[in-house]
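J.: This is run.txt (compact mmCIF, C-alpha atoms).
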```txt
# COMPACT_ATOMS: atom_id res chain seq x y z
CA MET A 1 1.41 -2.88 47.71
CA PHE A 2 0.07 0.62 47.31
CA LEU A 3 2.63 1.12 44.54
CA LEU A 4 1.29 -1.83 42.54
CA GLU A 5 -2.31 -0.69 42.91
CA THR A 6 -1.41 2.87 41.96
CA THR A 7 0.63 1.74 38.97
CA SER A 8 -2.21 -0.41 37.67
CA THR A 9 -4.79 2.32 38.23
CA VAL A 10 -2.74 5.06 36.60
CA ALA A 11 -1.72 2.91 33.62
CA ILE A 12 -5.25 1.71 32.87
CA SER A 13 -6.62 5.26 33.29
CA LEU A 14 -4.09 6.62 30.80
CA TYR A 15 -4.87 3.74 28.46
CA ALA A 16 -8.60 4.50 28.70
CA ALA A 17 -8.05 8.20 28.01
CA LEU A 18 -5.78 7.51 25.04
CA SER A 19 -8.16 4.89 23.65
CA ALA A 20 -11.19 7.14 24.06
CA ALA A 21 -9.52 9.97 22.13
CA TYR A 22 -8.01 7.67 19.51
CA LYS A 23 -11.11 5.55 18.88
CA SER A 24 -13.52 8.51 18.91
CA MET A 25 -11.56 10.35 16.25
CA GLN A 26 -11.09 7.11 14.33
CA ALA A 27 -14.86 6.53 14.25
CA ILE A 28 -15.42 10.06 12.94
CA TYR A 29 -12.76 9.90 10.24
CA ALA A 30 -13.68 6.36 9.17
CA ARG A 31 -16.80 7.71 7.48
CA PRO A 32 -16.14 8.12 3.70
CA SER A 33 -15.37 11.67 2.63
CA GLY A 34 -16.77 13.38 -0.46
CA TYR A 35 -13.38 13.02 -2.14
CA GLN A 36 -13.35 9.25 -1.61
CA ARG A 37 -16.92 8.87 -2.88
CA ALA A 38 -16.05 10.87 -5.99
CA CYS A 39 -13.10 8.56 -6.69
CA ARG A 40 -15.37 5.52 -6.59
CA GLU A 41 -18.32 7.04 -8.48
CA PRO A 42 -17.16 8.37 -11.88
CA ARG A 43 -19.55 10.36 -14.00
CA GLY A 44 -19.78 8.90 -17.46
CA PRO A 45 -17.44 6.43 -19.18
CA VAL A 46 -13.78 6.50 -18.24
CA ALA A 47 -10.74 4.95 -19.89
CA LEU A 48 -9.34 2.23 -17.67
CA PRO A 49 -5.61 1.54 -17.48
CA SER A 50 -3.93 -1.79 -18.11
CA VAL A 51 -3.54 -3.95 -14.99
CA ASP A 52 -1.06 -6.71 -14.19
CA VAL A 53 -2.21 -9.10 -11.46
CA ILE A 54 0.69 -10.83 -9.68
CA VAL A 55 0.08 -14.01 -7.65
CA PRO A 56 3.11 -15.45 -5.83
CA ALA A 57 2.50 -19.02 -4.65
CA PHE A 58 4.49 -21.34 -2.40
CA ASN A 59 3.25 -24.86 -1.61
CA GLU A 60 -0.34 -23.68 -2.08
CA SER A 61 -3.05 -26.33 -2.16
CA PRO A 62 -4.42 -26.97 -5.68
CA VAL A 63 -7.97 -26.25 -4.52
CA ALA A 64 -7.11 -22.86 -3.02
CA LEU A 65 -4.90 -21.90 -5.97
CA ARG A 66 -7.58 -22.80 -8.50
CA ALA A 67 -10.19 -20.80 -6.58
CA CYS A 68 -7.87 -17.79 -6.47
CA LEU A 69 -7.01 -17.88 -10.18
CA SER A 70 -10.63 -18.48 -11.15
CA SER A 71 -11.72 -15.37 -9.26
CA ILE A 72 -9.07 -13.34 -11.08
CA ALA A 73 -9.92 -14.81 -14.48
CA GLY A 74 -13.58 -13.94 -13.83
CA GLN A 75 -12.95 -10.27 -13.17
CA LYS A 76 -15.39 -7.91 -14.90
CA TYR A 77 -12.74 -5.50 -16.07
CA PRO A 78 -13.15 -3.82 -19.48
CA GLY A 79 -9.51 -2.75 -19.61
CA GLU A 80 -6.44 -4.82 -20.46
CA LEU A 81 -5.77 -7.48 -17.83
CA SER A 82 -2.68 -9.71 -17.53
CA ILE A 83 -2.12 -12.29 -14.81
CA TYR A 84 1.29 -13.54 -13.65
CA LEU A 85 1.40 -16.62 -11.44
CA VAL A 86 4.85 -17.03 -9.85
CA ASP A 87 5.52 -20.42 -8.30
CA ASP A 88 8.19 -19.77 -5.68
CA GLY A 89 10.01 -23.10 -5.84
CA SER A 90 7.12 -25.12 -4.44
CA SER A 91 7.81 -28.68 -3.35
CA ASN A 92 4.27 -29.70 -4.38
CA LEU A 93 4.74 -28.76 -8.03
CA ASP A 94 3.35 -32.11 -9.23
CA ALA A 95 0.09 -31.40 -7.38
CA VAL A 96 -0.41 -27.93 -8.89
CA THR A 97 0.85 -28.62 -12.43
CA ALA A 98 -2.67 -29.36 -13.66
CA VAL A 99 -3.84 -26.01 -12.28
CA HIS A 100 -0.97 -24.22 -14.01
CA ALA A 101 -1.70 -25.95 -17.32
CA ASP A 102 -5.43 -25.20 -17.20
CA PHE A 103 -4.95 -21.47 -16.73
CA ALA A 104 -2.05 -21.25 -19.17
CA ARG A 105 -4.63 -21.86 -21.88
CA ASP A 106 -5.99 -18.39 -21.11
CA PRO A 107 -3.94 -15.87 -23.15
CA ARG A 108 -4.01 -13.43 -20.23
CA PHE A 109 -2.01 -15.81 -18.02
CA THR A 110 1.74 -16.27 -17.76
CA ILE A 111 3.10 -18.94 -15.40
CA ILE A 112 6.60 -18.35 -14.01
CA LEU A 113 8.41 -21.17 -12.20
CA LEU A 114 11.28 -20.26 -9.89
CA GLU A 115 13.77 -23.10 -9.48
CA GLU A 116 14.15 -22.57 -5.74
CA ASN A 117 12.29 -20.83 -2.95
CA VAL A 118 13.40 -17.20 -2.57
CA GLY A 119 10.44 -15.71 -0.67
CA LYS A 120 7.31 -13.80 -1.52
CA ARG A 121 9.09 -10.48 -2.07
CA LYS A 122 11.53 -11.86 -4.66
CA ALA A 123 8.72 -13.74 -6.38
CA GLN A 124 6.70 -10.53 -6.68
CA ILE A 125 9.65 -8.57 -8.02
CA THR A 126 10.35 -11.22 -10.66
CA ALA A 127 6.89 -10.68 -12.15
CA ILE A 128 6.90 -6.92 -11.64
CA ARG A 129 10.04 -6.58 -13.74
CA ARG A 130 8.62 -8.77 -16.50
CA SER A 131 5.23 -7.06 -16.68
CA SER A 132 4.37 -3.66 -18.12
CA GLY A 133 0.82 -2.69 -17.11
CA ASP A 134 -0.04 0.76 -15.78
CA LEU A 135 -1.20 -0.72 -12.47
CA VAL A 136 0.03 -3.73 -10.52
CA LEU A 137 -2.31 -5.73 -8.27
CA ASN A 138 -0.69 -8.06 -5.74
CA VAL A 139 -2.93 -10.97 -4.71
CA ASP A 140 -2.11 -13.79 -2.29
CA SER A 141 -2.56 -17.30 -3.67
CA ASP A 142 -5.21 -18.22 -1.05
CA THR A 143 -7.35 -15.15 -1.75
CA ILE A 144 -10.62 -14.89 -3.70
CA LEU A 145 -11.67 -11.61 -5.29
CA GLU A 146 -15.19 -10.35 -5.89
CA PRO A 147 -15.89 -9.93 -9.64
CA GLU A 148 -15.29 -6.15 -9.78
CA VAL A 149 -12.35 -5.74 -7.41
CA VAL A 150 -9.88 -4.83 -10.17
CA LYS A 151 -12.27 -2.28 -11.63
CA LYS A 152 -13.06 -0.65 -8.29
CA LEU A 153 -9.42 -0.36 -7.30
CA ALA A 154 -8.45 0.99 -10.73
CA LEU A 155 -11.18 3.63 -10.54
CA ALA A 156 -9.95 4.70 -7.11
CA MET A 157 -6.47 5.24 -8.55
CA ARG A 158 -7.50 7.67 -11.29
CA ASP A 159 -5.94 10.38 -9.13
CA THR A 160 -2.27 10.26 -10.10
CA SER A 161 -1.23 11.33 -6.59
CA ILE A 162 -2.37 7.90 -5.32
CA GLY A 163 0.43 5.35 -5.34
CA ALA A 164 -1.38 2.42 -3.73
CA ALA A 165 -4.86 1.25 -2.73
CA MET A 166 -6.17 -1.76 -0.84
CA GLY A 167 -9.54 -3.48 -0.70
CA GLN A 168 -11.57 -4.77 2.21
CA LEU A 169 -10.53 -8.15 3.61
CA ALA A 170 -12.74 -10.95 4.90
CA ALA A 171 -12.03 -14.51 6.06
CA SER A 172 -13.12 -17.01 3.42
CA ASN A 173 -13.05 -19.82 6.01
CA ARG A 174 -14.90 -17.77 8.62
CA HIS A 175 -17.28 -20.57 9.60
CA ASP A 176 -14.55 -23.14 10.31
CA THR A 177 -13.84 -22.40 13.98
CA TRP A 178 -14.57 -19.86 16.70
CA LEU A 179 -11.13 -18.38 16.00
CA THR A 180 -11.77 -17.82 12.29
CA ARG A 181 -14.99 -16.00 13.22
CA LEU A 182 -13.03 -13.73 15.55
CA ILE A 183 -10.36 -13.09 12.91
CA ASP A 184 -13.03 -12.19 10.35
CA MET A 185 -14.40 -9.57 12.74
CA GLU A 186 -10.86 -8.41 13.47
CA TYR A 187 -10.30 -7.89 9.73
CA TRP A 188 -13.54 -5.93 9.42
CA LEU A 189 -12.54 -3.63 12.26
CA ALA A 190 -8.99 -3.19 10.95
CA CYS A 191 -10.30 -2.26 7.50
CA ASN A 192 -13.41 -0.23 8.29
CA GLU A 193 -12.07 1.58 11.34
CA GLU A 194 -8.29 1.85 11.19
CA ARG A 195 -7.65 1.87 7.40
CA ALA A 196 -10.79 3.84 6.63
CA ALA A 197 -9.77 6.60 9.06
CA GLN A 198 -6.21 6.69 7.73
CA ALA A 199 -7.55 6.91 4.16
CA ARG A 200 -9.31 10.18 5.04
CA PHE A 201 -5.81 11.71 4.96
CA GLY A 202 -4.47 9.64 2.09
CA ALA A 203 -2.13 7.75 4.39
CA VAL A 204 -3.18 4.13 4.87
CA MET A 205 -0.16 2.83 6.78
CA CYS A 206 -0.38 -0.74 5.47
CA CYS A 207 -1.98 -1.78 2.18
CA CYS A 208 -2.55 -5.43 3.06
CA GLY A 209 -0.89 -8.10 0.96
CA PRO A 210 -3.92 -10.23 -0.02
CA CYS A 211 -5.29 -7.44 -2.24
CA ALA A 212 -3.24 -4.28 -2.86
CA MET A 213 -2.88 -2.28 -6.09
CA TYR A 214 0.09 -0.07 -6.98
CA ARG A 215 0.78 2.50 -9.68
CA ARG A 216 3.68 1.16 -11.73
CA THR A 217 5.50 4.48 -11.97
CA ALA A 218 5.35 4.82 -8.19
CA LEU A 219 6.28 1.18 -7.66
CA THR A 220 9.34 1.26 -9.89
CA SER A 221 10.60 4.38 -8.12
CA VAL A 222 10.88 2.46 -4.83
CA LEU A 223 11.44 -1.08 -6.12
CA ASP A 224 15.17 -1.18 -5.40
CA GLN A 225 14.59 -0.01 -1.80
CA TYR A 226 11.84 -2.60 -1.44
CA GLU A 227 14.04 -5.39 -2.73
CA THR A 228 17.06 -4.56 -0.58
CA GLN A 229 15.37 -3.80 2.76
CA MET A 230 17.78 -4.49 5.60
CA PHE A 231 17.32 -4.55 9.37
CA ARG A 232 20.31 -4.60 11.69
CA GLY A 233 22.54 -5.83 8.89
CA LYS A 234 20.21 -8.66 7.81
CA ARG A 235 18.01 -8.80 4.74
CA SER A 236 14.34 -8.52 5.67
CA ASP A 237 12.13 -11.05 3.91
CA PHE A 238 8.70 -10.56 5.50
CA GLY A 239 6.36 -7.63 6.13
CA GLU A 240 6.29 -6.86 2.41
CA ASP A 241 2.97 -5.05 2.37
CA ARG A 242 3.66 -2.68 5.27
CA HIS A 243 7.18 -1.81 4.13
CA LEU A 244 6.10 -1.17 0.54
CA THR A 245 3.28 1.08 1.77
CA ILE A 246 5.68 3.10 3.93
CA LEU A 247 8.02 3.51 0.96
CA MET A 248 5.10 4.84 -1.09
CA LEU A 249 4.30 7.41 1.58
CA LYS A 250 7.96 8.40 1.90
CA ALA A 251 8.04 8.98 -1.86
CA GLY A 252 5.14 11.43 -1.51
CA PHE A 253 2.30 9.28 -2.85
CA ARG A 254 -1.13 8.88 -1.26
CA THR A 255 -2.38 5.46 -0.17
CA GLU A 256 -6.10 4.66 -0.16
CA TYR A 257 -8.68 2.17 1.10
CA VAL A 258 -11.58 1.02 -1.11
CA PRO A 259 -14.21 -0.67 1.11
CA ASP A 260 -16.34 -2.08 -1.70
CA ALA A 261 -13.41 -3.92 -3.32
CA ILE A 262 -13.82 -7.07 -1.23
CA ALA A 263 -11.36 -9.96 -1.08
CA ALA A 264 -11.64 -13.10 1.04
CA THR A 265 -8.52 -14.84 2.27
CA VAL A 266 -7.85 -17.99 4.28
CA VAL A 267 -7.03 -17.25 7.93
CA PRO A 268 -5.49 -19.50 10.62
CA ALA A 269 -8.03 -21.91 12.11
CA GLY A 270 -5.89 -22.85 15.12
CA MET A 271 -4.28 -20.83 17.87
CA GLY A 272 -0.72 -22.00 17.09
CA PRO A 273 -0.64 -20.78 13.45
CA TYR A 274 -2.48 -17.61 14.48
CA LEU A 275 0.08 -16.69 17.13
CA ARG A 276 2.97 -17.41 14.76
CA GLN A 277 1.34 -15.14 12.19
CA GLN A 278 0.85 -12.41 14.81
CA LEU A 279 4.49 -12.70 15.88
CA ARG A 280 5.67 -12.19 12.32
CA TRP A 281 3.29 -9.26 11.82
CA ALA A 282 4.33 -7.67 15.12
CA ARG A 283 8.00 -7.76 14.14
CA SER A 284 7.15 -6.18 10.80
CA THR A 285 5.01 -3.50 12.47
CA PHE A 286 7.72 -2.54 14.95
CA ARG A 287 10.38 -2.39 12.25
CA ASP A 288 8.38 -0.15 9.94
CA THR A 289 6.95 1.99 12.75
CA PHE A 290 10.48 3.22 13.37
CA LEU A 291 10.66 4.13 9.68
CA ALA A 292 7.21 5.72 9.70
CA LEU A 293 8.05 8.05 12.61
CA ARG A 294 9.97 10.28 10.20
CA LEU A 295 6.82 10.68 8.10
CA LEU A 296 4.55 11.88 10.89
CA PRO A 297 5.50 15.60 10.80
CA SER A 298 4.38 15.73 7.15
CA LEU A 299 1.06 13.96 7.80
CA ASP A 300 -2.12 15.00 9.59
CA ARG A 301 -1.97 15.09 13.39
CA PHE A 302 -4.46 12.26 13.55
CA LEU A 303 -1.83 9.92 12.12
CA THR A 304 0.45 10.76 15.06
CA LEU A 305 -2.38 9.92 17.45
CA ASP A 306 -2.97 6.75 15.43
CA VAL A 307 0.65 5.62 15.87
CA LEU A 308 0.56 6.46 19.58
CA GLY A 309 -2.70 4.58 20.04
CA GLN A 310 -1.38 1.47 18.33
CA ASN A 311 2.01 1.41 20.08
CA ILE A 312 1.78 3.27 23.40
CA GLY A 313 -1.72 1.92 24.11
CA PRO A 314 -0.66 -1.76 24.30
CA LEU A 315 2.30 -0.76 26.49
CA LEU A 316 0.03 0.99 28.98
CA LEU A 317 -2.38 -1.95 28.94
CA ALA A 318 0.47 -4.39 29.56
CA ILE A 319 1.75 -2.34 32.52
CA ALA A 320 -1.75 -2.18 34.02
CA VAL A 321 -2.30 -5.92 33.63
CA LEU A 322 1.12 -6.91 34.99
CA ALA A 323 0.75 -4.63 38.01
CA GLY A 324 -2.75 -5.97 38.59
CA ILE A 325 -1.57 -9.58 38.40
CA ALA A 326 1.28 -8.82 40.81
CA GLN A 327 -1.18 -7.16 43.18
CA PHE A 328 -3.48 -10.20 43.07
CA ALA A 329 -0.55 -12.61 43.57
CA GLN A 330 0.66 -10.80 46.69
CA THR A 331 -2.62 -9.83 48.36
CA SER A 332 -5.29 -11.99 46.69
CA THR A 333 -7.21 -8.76 46.02
CA ILE A 334 -8.61 -8.14 42.56
CA PRO A 335 -7.63 -4.80 40.95
CA LEU A 336 -11.26 -3.83 40.50
CA TRP A 337 -10.64 -0.50 38.77
CA THR A 338 -8.45 -2.15 36.12
CA VAL A 339 -10.95 -4.96 35.53
CA TYR A 340 -13.83 -2.48 35.41
CA MET A 341 -12.14 -0.18 32.88
CA ILE A 342 -11.17 -3.06 30.58
CA ALA A 343 -14.71 -4.46 30.72
CA VAL A 344 -16.32 -1.07 30.00
CA MET A 345 -14.00 -0.32 27.08
CA THR A 346 -14.61 -3.77 25.61
CA ILE A 347 -18.39 -3.45 25.85
CA ILE A 348 -18.36 0.02 24.29
CA ARG A 349 -16.10 -0.98 21.44
CA CYS A 350 -18.04 -4.14 20.58
CA SER A 351 -21.39 -2.33 20.82
CA VAL A 352 -20.22 0.44 18.50
CA ALA A 353 -18.84 -2.12 16.05
CA ALA A 354 -22.12 -4.07 16.11
CA ALA A 355 -24.05 -0.87 15.42
CA ARG A 356 -21.74 0.23 12.58
CA ALA A 357 -21.66 -3.19 10.94
CA ARG A 358 -25.33 -3.83 11.76
CA GLN A 359 -24.40 -7.31 12.92
CA PHE A 360 -24.97 -8.59 16.46
CA ARG A 361 -22.11 -11.05 16.07
CA PHE A 362 -19.65 -8.26 16.85
CA LEU A 363 -20.78 -8.40 20.47
CA GLY A 364 -18.92 -11.72 20.57
CA PHE A 365 -15.70 -9.94 19.66
CA SER A 366 -15.38 -9.24 23.40
CA LEU A 367 -13.64 -12.64 23.59
CA HIS A 368 -10.77 -11.08 21.65
CA THR A 369 -9.96 -8.91 24.68
CA LEU A 370 -8.90 -11.99 26.64
CA ILE A 371 -6.81 -13.24 23.71
CA ASN A 372 -5.22 -9.81 23.39
CA ILE A 373 -4.31 -9.50 27.07
CA PHE A 374 -3.08 -13.02 27.78
CA LEU A 375 -1.67 -14.06 24.39
CA LEU A 376 -1.11 -11.19 21.95
CA LEU A 377 0.53 -8.78 24.42
CA PRO A 378 3.18 -11.40 25.36
CA VAL A 379 3.68 -12.14 21.65
CA LYS A 380 4.25 -8.44 20.94
CA ALA A 381 6.68 -8.19 23.82
CA TYR A 382 8.60 -11.19 22.48
CA ALA A 383 8.53 -9.70 18.97
CA LEU A 384 10.06 -6.46 20.27
CA CYS A 385 12.85 -8.42 21.91
CA THR A 386 13.55 -10.49 18.77
CA LEU A 387 13.24 -7.92 15.99
CA SER A 388 16.31 -9.24 14.18
CA ASN A 389 14.73 -12.66 13.72
CA SER A 390 13.39 -12.98 10.17
CA ASP A 391 12.05 -16.54 10.30
CA TRP A 392 8.66 -16.91 8.63
CA LEU A 393 7.62 -19.51 11.24
CA SER A 394 4.62 -20.66 9.16
CA ARG A 395 6.36 -21.39 5.87
CA GLY A 396 7.84 -24.74 6.78
CA SER A 397 11.12 -25.80 5.29
CA THR A 398 12.57 -23.22 2.96
CA VAL A 399 15.87 -22.67 1.28
CA LYS A 400 18.05 -20.43 3.41
CA LYS A 401 20.41 -18.22 1.45
CA SER A 402 23.03 -15.70 2.42
CA PRO A 403 22.57 -12.09 1.22
CA ARG A 404 25.21 -12.47 -1.49
CA ASP A 405 23.27 -15.42 -2.96
CA MET A 406 19.90 -13.65 -3.09
CA SER A 407 19.89 -12.83 -6.79
CA THR A 408 16.76 -13.95 -8.63
CA PRO A 409 17.19 -17.58 -9.72
CA ALA A 410 16.74 -18.89 -13.21
CA THR A 411 13.09 -19.36 -14.08
CA ASP A 412 10.85 -21.36 -16.33
CA THR A 413 8.02 -19.52 -18.03
CA PHE A 414 4.85 -21.21 -19.25
CA SER A 415 2.52 -18.98 -21.21
CA PRO A 416 0.07 -19.75 -24.01
CA ASN A 417 2.88 -19.22 -26.53
CA THR A 418 4.78 -22.21 -25.09
CA ARG A 419 1.95 -24.73 -25.25
CA ALA A 420 3.12 -26.12 -28.57
CA ARG A 421 6.40 -27.22 -27.01
CA GLY A 422 5.06 -30.32 -25.35
CA SER A 423 2.56 -31.95 -23.06
CA HIS A 424 1.59 -30.98 -19.54
CA ALA A 425 3.95 -33.64 -18.25
CA SER A 426 6.90 -31.99 -19.98
CA PHE A 427 5.88 -28.72 -18.38
CA CYS A 428 6.79 -29.93 -14.89
CA ARG A 429 9.86 -31.90 -15.86
CA GLN A 430 11.84 -29.82 -18.29
CA SER A 431 12.77 -26.23 -18.96
CA LEU A 432 10.28 -24.57 -21.26
CA ALA A 433 11.87 -21.17 -21.68
CA ARG A 434 15.11 -20.32 -19.95
CA ASP A 435 15.43 -16.68 -18.95
CA ALA A 436 18.86 -15.32 -18.10
CA SER A 437 18.01 -12.08 -16.80
CA ARG A 438 -9.31 -28.62 3.23
CA PRO A 439 -11.13 -26.78 0.58
CA MET A 440 -12.26 -23.33 1.59
CA ALA A 441 -15.57 -22.91 3.41
CA TYR A 442 -16.46 -20.01 1.13
CA ASP A 443 -19.99 -18.85 0.81
CA SER A 444 -19.79 -15.11 0.21
CA LEU A 445 -17.18 -12.41 0.16
CA SER A 446 -19.36 -10.09 2.18
CA SER A 447 -19.01 -9.99 5.94
CA GLU A 448 -22.67 -10.68 6.63
CA ASP A 449 -24.05 -13.95 7.95
```
What does the file become when written as structure tokens?

T.:
Amino acid sequence: MFLLETTSTVAISLYAALSAAYKSMQAIYARPSGYQRACREPRGPVALPSVDVIVPAFNESPVALRACLSSIAGQKYPGELSIYLVDDGSSNLDAVTAVHADFARDPRFTIILLEENVGKRKAQITAIRRSSGDLVLNVDSDTILEPEVVKKLALAMRDTSIGAAMGQLAASNRHDTWLTRLIDMEYWLACNEERAAQARFGAVMCCCGPCAMYRRTALTSVLDQYETQMFRGKRSDFGEDRHLTILMLKAGFRTEYVPDAIAATVVPAGMGPYLRQQLRWARSTFRDTFLALRLLPSLDRFLTLDVLGQNIGPLLLAIAVLAGIAQFAQTSTIPLWTVYMIAVMTIIRCSVAAARARQFRFLGFSLHTLINIFLLLPVKAYALCTLSNSDWLSRGSTVKKSPRDMSTPATDTFSPNTRARGSHASFCRQSLARDASRPMAYDSLSSED
């Protein structure tokens, strides 16, 4: 019995010490540096590069897809802007055909139809290889961009040493449920604490998929590695954003975070979809953490502490909780020190977040501690034990293909130049150009009530 109590006490004390060091330094480094401010605040007019926006879509609702494309079409970007919508073999093509046709009237849009579902990564690569802009912006099909996101990200990438940059994420359906409110706060903390601190050293470890911009020359240098990622002999088809970011860092490019480039994306409103999403993300994180370990000697020491905090911290917390539960089960005595330390750390973190964000709602993020301990820690443990599993879990029925069959399928392309070929009905029923080679509860993209 003494062993259980000691184990819980020691583990939670180590966790508290590691978290205090990690979070304190994170809070310090999360403040924008002079270099970052200079990137976002040019003096005088600057020439802006051409940008290709790539939107892969699979079974997206017409309402969400239209909102996404409208926000991209409405970008206040004085440079050249091209948009590529890639439909990844959706089974609801009839429902979204009207959306495709409406935006194909805009000369900046090109609609690419893949004949079968091959996954987000393949869909992205199809458009990347057809486009030619200086910068490439990946946007998820359920994401809405503020009007100057493209401009702000492009300005941040004027430094040619920067290979990728991400914007700040918010939950567009934040008001739907208590869970979406928690996730919105979780996104704010992940962006404005974790990513902001990593950006101080030019090493954001994951440029998130809903809104991430890449320099084409950097992207093409790692595209083959990105396309052919394998794990334990199996092709990896999720975790695109994290893996691509790690490849950028391995190639010697900086990765940045731009807090005023705000994008709102739809988040899970129920616990089931949320846990499936977290399982997929945890597998991706573990896979690419192994790859990122080789980078740490070349990066600032804070990044090593960052990796330890994100991976060793949950392990220590899990040990403390399991030992505490075992102690309670055998003696009916509550591990008071463990409970006390968890409560104190939660209160401090939420209070600091509320002060930094200037929003009292972050005090309610304390509920996330219970979700983390009793749901997310078991999910992470399961993810670690099932790293070879590449199921998307939330994608529904998809076409499963063996590695030798994973070449890009034939596609249909619908751009303004093809409109004379026929009506909208013919667009969804026949080949136009063969190439061999719940409505969102969206009120504002800001995170303020």

J.: With a distance cut-off of 10 Å and all atoms listed in the file, select the neighbouring residues of A:Leu317, excluding the residue or stretch itself and same-chain residues fewer than 4 positions from it, and output the selection as a PyMOL selection string.

T.: chain A and resi 8+11-16+312-313+321-323+338+342+373+377

J.: Extract, using only C-alpha atoms, all DNA, RNA and protein residues at most 10 Å from A:Val149, discarding same-chain residues fewer than 5 positions from it, and format them as a list in words.

T.: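 Everything that qualifies: Ser71, Ile72, Gln75, Lys76, Tyr77, Ala154, Leu155, Met166, Gly167, Gln168, Cys211, Val258, Asp260, Ala261, Ile262 and Ala263 of chain A.
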
J.: Suppose you want the space between atom CA of A:Ile111 and atom CA of A:Val55; what is it in Å?

T.: 9.7 Å

J.: Contacts of A:Ile125 at 9 Å or less, counting all atoms listed in the file, minus same-chain residues fewer than 4 places along, as a PyMOL selection string?

T.: chain A and resi 120-121+129-130+223+227+408

J.: Go through A:Ala171, A:Gly309, A:Val51, A:Asn92 and flag the residue nearest A:Ala21, using all atoms listed in the file for the distances.

T.: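 Going through A:Ala171, A:Gly309, A:Val51, A:Asn92 one by one, the smallest distance to A:Ala21 is for A:Gly309.
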
J.: I'd like the neighbourhood of A:Tyr257 as a PDB file with C-alpha atoms, in the coordinates of the input, where a residue qualifies if any of its atoms comes within 9 Å (using all atoms listed in the file), though same-chain residues fewer than 5 positions away should be ignored.

T.:
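The new file out.pdb reads:
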```pdb
ATOM      1  CA  GLN A  36     -13.350   9.250  -1.610  1.00  0.00           C
ATOM      2  CA  LEU A 153      -9.420  -0.360  -7.300  1.00  0.00           C
ATOM      3  CA  ALA A 156      -9.950   4.700  -7.110  1.00  0.00           C
ATOM      4  CA  ALA A 164      -1.380   2.420  -3.730  1.00  0.00           C
ATOM      5  CA  ALA A 165      -4.860   1.250  -2.730  1.00  0.00           C
ATOM      6  CA  MET A 166      -6.170  -1.760  -0.840  1.00  0.00           C
ATOM      7  CA  GLY A 167      -9.540  -3.480  -0.700  1.00  0.00           C
ATOM      8  CA  GLN A 168     -11.570  -4.770   2.210  1.00  0.00           C
ATOM      9  CA  CYS A 191     -10.300  -2.260   7.500  1.00  0.00           C
ATOM     10  CA  ASN A 192     -13.410  -0.230   8.290  1.00  0.00           C
ATOM     11  CA  ARG A 195      -7.650   1.870   7.400  1.00  0.00           C
ATOM     12  CA  ALA A 196     -10.790   3.840   6.630  1.00  0.00           C
ATOM     13  CA  GLN A 198      -6.210   6.690   7.730  1.00  0.00           C
ATOM     14  CA  ALA A 199      -7.550   6.910   4.160  1.00  0.00           C
ATOM     15  CA  ARG A 200      -9.310  10.180   5.040  1.00  0.00           C
ATOM     16  CA  GLY A 202      -4.470   9.640   2.090  1.00  0.00           C
ATOM     17  CA  VAL A 204      -3.180   4.130   4.870  1.00  0.00           C
ATOM     18  CA  CYS A 207      -1.980  -1.780   2.180  1.00  0.00           C
TER      19      CYS A 207
END
```

J.: Find, counting all atoms listed in the file, the residue in A:Ala67, A:Ala354, A:Val150, A:Val344 that gets nearest to A:Val136.

T.: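 Counting all atoms listed in the file, the residue closest to A:Val136 is A:Val150.
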
J.: Using only C-alpha atoms, determine which residues lie at most 10 Å from A:Val307, disregarding the query and same-chain residues fewer than 6 positions distant; provide the list as a ChimeraX atom specification.

T.: /A:22,205,289,292-293,296,313

J.: So the first atom is atom CA of A:Leu315 and the second is atom CA of A:Met230; what is the distance between them in Å, to one decimal place?

T.: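 That distance, rounded to one decimal, is 26.3 Å.
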
J.: What's the separation between atom CA of A:Phe109 and atom CA of A:Ile83, in Å to one decimal place?

T.: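 Between atom CA of A:Phe109 and atom CA of A:Ile83 the gap is 4.8 Å.
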
J.: Between A:Leu244, A:Ala98, A:Ile371, A:Val53, which is the closest to A:Leu182 once you count only C-alpha atoms?

T.: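 Of A:Leu244, A:Ala98, A:Ile371, A:Val53, the one nearest A:Leu182 is A:Ile371, counting only C-alpha atoms.
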
J.: Let me make sure I understand: among A:Arg283, A:His175, A:Arg294, A:Arg235, which one has the smallest atom-to-atom distance to A:Leu249 if we use all atoms listed in the file?

T.: A:Arg294

J.: Select, from A:Asp306, A:Thr255, A:Leu81, A:Asn138, the residue with the minimum atom-to-atom distance to A:Thr160, counting all atoms listed in the file.

T.: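 Closest to A:Thr160, using all atoms listed in the file: A:Thr255.
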
J.: Is it possible to get the residues within 9 Å of (-7.0, -14.9, -3.2) (coordinates as in the file, counting only C-alpha atoms) written as a list in words?

T.: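 Checking each residue against the 9 Å limit leaves Val55, Ala64, Leu65, Ala67, Cys68, Leu69, Ser71, Ile72, Val139, Asp140, Ser141, Asp142, Thr143, Ile144, Leu145, Pro210, Cys211, Ala263, Ala264, Thr265 and Val266 of chain A.
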
J.: Find the residue from A:His368, A:Arg280, A:Arg301, A:Lys23 that sits nearest to A:Leu384; use all atoms listed in the file when measuring.

T.: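 Under the stated criterion, the closest residue is A:Arg280.
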